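To keep things clear, I will list the structure first and then write my remarks on it.
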Amino acid sequence: MSVIFGVCAPRAAIVDEQLLRRCGQATARYGMDGTSVHMQGRIGMGFQAFHTSDRSKLEWKPAVDELGNILAMDGRLDNHEDLAESLCDGDRTVPDSGLSLKAFEKWGENCFSRLVGDWALALWSARDGILYLARDHAGSRPLYYRVQAGETRWSSYLEWFFVEHPFPDIDPEYVVRFLARRQTLDSTSYKGIRVVPPAHYLAIQDGRITIRPHWRPIPISELVYTSNGEYDEHFLHLFRQAVLRRIEPGAPILAELSGGMDSSSIVCMAGEIARTVPGRVGTIDTVSYYDDSEPDWDERKYFEAVERHRGRSGFHIDCSAKLASCRPLILADRLYPYPGVDLATLDDAIRFEQNVGEGRYRVILSGIGGDELLGGVPTPMPELANHLRSGRMVRLVRATGKWCIARRQALFPLLFCTVRFTSRLYCSWGEIGQATPSWLNHEFLRKRIDGVWTKPSIREALHALPSALAGGRAWWSLVEDLPHSWPRLLGHYEYRYPYLDRDLVDFLLRIPREQLIQPGRRRLLMRRALKGIVPEMLLERKRKAFISRGPLANLRSTQREIDGLFSDSLLAEENLIDRDIFLEEFHQEVDGRQQWTGHLTRTIGMELWLRSLRAQLASLHPEIGGKESKPRNLPT
């Protein structure tokens with residue numbers, strides 16, 4: 001991922017170029033292929049290149065047109081050939097930023113819906129004096145912003161904001177929602193710094209912000225074919241296209257190969273493309289993780305089967321060597337402002353780089369999204385809710401009976417669950433039915449921060465099927481936790497997600513639920529369409545592996561350290577948690593209850609991160625020890 005950043009000053013002010021370049025030094029490690037800055041009165045934009053494909057080498061500076069419009073773009077347009085045909089007589093040498101600027105000249109704000117791919121951009125409209133900040137449908141590129149005293153600043157990375165203001169204020173509402181595993185949406189861990197929502201664009205004029213969608217995950221109508229073969233053919237075409245778009249020649253690619261159906265299908269499809277279309281793909285290697293001590297994580301035999309299928313071994317990283325840590329992370333040379341890291345995170349990063357070769361790869365292919373979009377979660381609720389909503393009571397009872405047999409469940413309880421699920425979809429779109437740990441300060445959870453962009457419109461609620469509404473809810477949860485939002489401590493990688501390809505997502509969200517999952521049979525469409533491409537033993541996996549031993553074992557092995565860590569907890573000092581209740585729940589978990597393991601681990605990680613942030617700030621800015629410079633909500 002390249003880096004975009006900039007400043008929009010208030011009217012009659014001029015952006016300081018030296019300030020822009022000085023702030024850019026904080027993100028230069030992410031854009032190591034050169035920095036370019038363009039100044040135009042009250043607007044200054046910067047671009048730091050990180051080339052990951054042959055076409056990306058066309059991008060090296062912000063695009064400017066004769067009208068004075070400026071655009072800086074991080075990303076890739078998958079429909080650049082169609083746009084070039086429409087906008088510049090088929091000239092394929094025009095970079096994607098130039099195509100996007102021409103699209104804005106022709107279609108105005110409607111251009112964002114026409115940009116298919118993985119991208120984030122900043123666009124200055126000279127005529128209207130409006131700054132646009134936008135991200136693609138899945139938010140596959142980060143973009144943060146802050147509006148303060150009429151000035152707007154934005155960047156692909158949080159580090160950029162702390163050059164001029166090194167003492168950040170922690171947002172307590174974000175912290176508690178993060179610990180409760182609630183959606184944080186457009187908020188960040190810092191007050192005043194927001195993230196542009198996926199599938200939306202912001203129009204900022206004189207400090208006033210308007211937010212609008214350019215893509216919605218809730219289809220109004222279903223896509224219905226006459227035979228299974230038509231669904232299979234369409235899926236295979238779109239999946240092949242999604243993978244091909246993300247393995248074009250350029251920087252070497254490292255594909256995550258877990259042994260599950262999602263990552264295995266991507267790797268196998270990439271191999272199929274390489275065999276049938278020579279020269280169209282880049283070099284692809286794989287990295288797999290294993291832990292033979294985990295009783296429910298038997299992935300080795302599956303990823304080795306894929307390696308035999310493609311005739312090429314990959315990197316294998318032993319996770320059993322991972323050590324639990326209760327020590328904060330201290331980086332002497334820079335600030336890492338993203339939550340969830342400690343000293344063990346650095347150890348993991350070092351082990352990864354040592355295994356795959358430091359600086360060897362620039363791209364990571366990820367299988368995230370397959371579970372949520374292809375029926376990996378075996379719930380009958382969306383299908384049964386469709387029958388209920390449509391008034392098909394006979395079909396509802398018959399379908400419920402089939403699911404009851406497959407799940408060994410009584411009929412009437414499942415019917416009751418269907419009614420409750422359907423009513424909640426239409427009457428309570430926000431967070432429902434989520435258990436919250438008792439040690440968190442619930443006052444910070446009372447304020448609803450659900451963004452209007454995640455809620456269905458009145459038209460969608462009236463016309464969309466329950467399965468479409470459920471898919472929309474799942475979509476916003478999925479795109480919030482993509483790994484590119486937390487840059488690696490060592491190395492820099494561009495994440496690519498084939499299952500989040502917009503054309504593929506549009507198709508999967510529109511087809512009948514019965515094509516994806518049926519009683520006793522998950523991933524129905526995937527299993528049919530990929531026969532002969534993916535090894536049979538992968539397609540017929542009965543269940544997905546999961547880690548069951550490691551998290552609890554880590555809590556037990558570090559029990560004494562955790563007791564000491566929370567004896568003077570920063571989270572407790574800021575009244576974000578109740579320390580005594582936390583320790584009581586922690587000891588019950590260690591004794592074998594296993595109710596809050598994930599929440600406990602997340603709370604411990606946040607405590608360590610706050611300590612890490614404090615230590616890093618003290619190291620980089622010795623004056624932080626002074627009372628007058630103490631950052632609010634972050635005790636020194």
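Ligands are numbered from 1 in the order shown, residues from 1 within each chain, and chains are lettered A, B, ... in the order they appear in the structure tokens.
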Please provide as a count of residues only all residues within 12 Å of Asn386 of chain A, with the sequence filter that same-chain residues fewer than 3 positions apart are discarded (counting only C-alpha atoms). 31
Could you find all residues in segment 411-606 of chain A that DSSP calls alpha helix (DSSP H) from the backbone, and write them as a ChimeraX atom specification? /A:411-427,443-446,458-463,466-480,502-510,524-529,536-539,550-557,559-565,570-573,579-590,597-606
For segment 338-343 of chain A, list every protein, DNA or RNA residue within 7 Å, evaluated using only C-alpha atoms, and leave out those in the same chain fewer than 6 positions away; present the list as a list in words. Ser325, Arg327, Pro328, Leu329, Trp486, Gly605, Met606, Leu608, Trp609 and Ser612 of chain A
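The list of residues with at least one atom within 10 Å of Val267 of chain A, based on only C-alpha atoms and without residues fewer than 4 positions apart in the same chain, reads Val243, Ala255, Glu256, Leu257, Asp262, Ser263, Gly271, Glu272, Ile273, Ile284, Asp285, Thr286, Val306, Glu307, Arg310, Leu365, Ser366, Gly367, Ile533 and Val534 of chain A.
Near Ile253 of chain A, within a cut-off of 6 Å and counting only C-alpha atoms, sit the residues A:Thr283, A:Ile284, A:Tyr361, A:Val363, A:Ile364, with same-chain residues fewer than 2 positions away left out.
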Take the selection from the previous step and output its residues with C-alpha atoms, as a PDB file, in the first residue's frame.
```pdb
ATOM      1  CA  THR A 283       5.585 -15.146  -8.376  1.00  0.00           C
ATOM      2  CA  ILE A 284       3.463 -16.683  -5.612  1.00  0.00           C
ATOM      3  CA  TYR A 361       7.739  -9.852  -0.352  1.00  0.00           C
ATOM      4  CA  VAL A 363       2.052  -8.474  -1.054  1.00  0.00           C
ATOM      5  CA  ILE A 364       0.074 -10.861   1.170  1.00  0.00           C
TER       6      ILE A 364
END
```
Write out, as JSON lines, each residue of segment 397-489 of chain A that has an atom at most 12 Å from segment 563-572 of chain A, together with the closest pair of atoms and their distance in Å to one decimal, counting only C-alpha atoms, rows going by chain and rising number.
```
{"residue": "A:Trp439", "atom": "CA", "partner": "A:Ala572", "partner_atom": "CA", "distance": 9.7}
{"residue": "A:Leu440", "atom": "CA", "partner": "A:Ala572", "partner_atom": "CA", "distance": 9.5}
{"residue": "A:Asn441", "atom": "CA", "partner": "A:Ala572", "partner_atom": "CA", "distance": 9.5}
```
Would you put the residues from that selection into a file with N, CA and C atoms, as a compact mmCIF listing (two decimals), in the first residue's frame?
```
# COMPACT_ATOMS: atom_id res chain seq x y z
N TRP A 439 -16.46 -6.47 34.09
CA TRP A 439 -15.40 -5.59 34.57
C TRP A 439 -15.29 -4.29 33.76
N LEU A 440 -15.99 -4.19 32.64
CA LEU A 440 -15.92 -2.99 31.83
C LEU A 440 -16.86 -1.90 32.38
N ASN A 441 -16.49 -0.65 32.18
CA ASN A 441 -17.34 0.47 32.56
C ASN A 441 -18.44 0.63 31.52
```
Spatial neighbours of segment 227-232 of chain A, 7 Å, only C-alpha atoms, chain gap at least 3 places, as an NGL selection string: :A and (235-236 or 525 or 528-529)
Give me the residues within 12 Å of Thr276 of chain A as a PyMOL selection string, counting only C-alpha atoms and dropping any in the same chain fewer than 5 places off. chain A and resi 240+244+269-271+281
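Taking atom CA of Trp475 of chain A and atom CA of Phe239 of chain A as the two end points, the separation is 18.3 Å.
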In segment 22-216 of chain A, DSSP strand (DSSP E or B) residues written as a ChimeraX atom specification: /A:35-40,43-48,53,63-64,70-77,117-125,130-135,144-148,151-155,170,187,190,194-195,200-205,208-213
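Our summary of the geometry notes that atom CA of Val7 of chain A is positioned 18.5 Å from atom CA of Ser97 of chain A.
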Which of A:Thr379, A:Gln588, A:Asn355, A:Thr558 sits closest to Ile317 of chain A [using only C-alpha atoms]: A:Asn355
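Note that the spacing between atom CA of Thr454 of chain A and atom CA of Arg135 of chain A amounts to 14.9 Å.
Considering the residues A:Arg182, A:Arg55, A:Arg177, A:Lys301 and counting only C-alpha atoms, Pro535 of chain A has its shortest atom-to-atom contact with A:Lys301.
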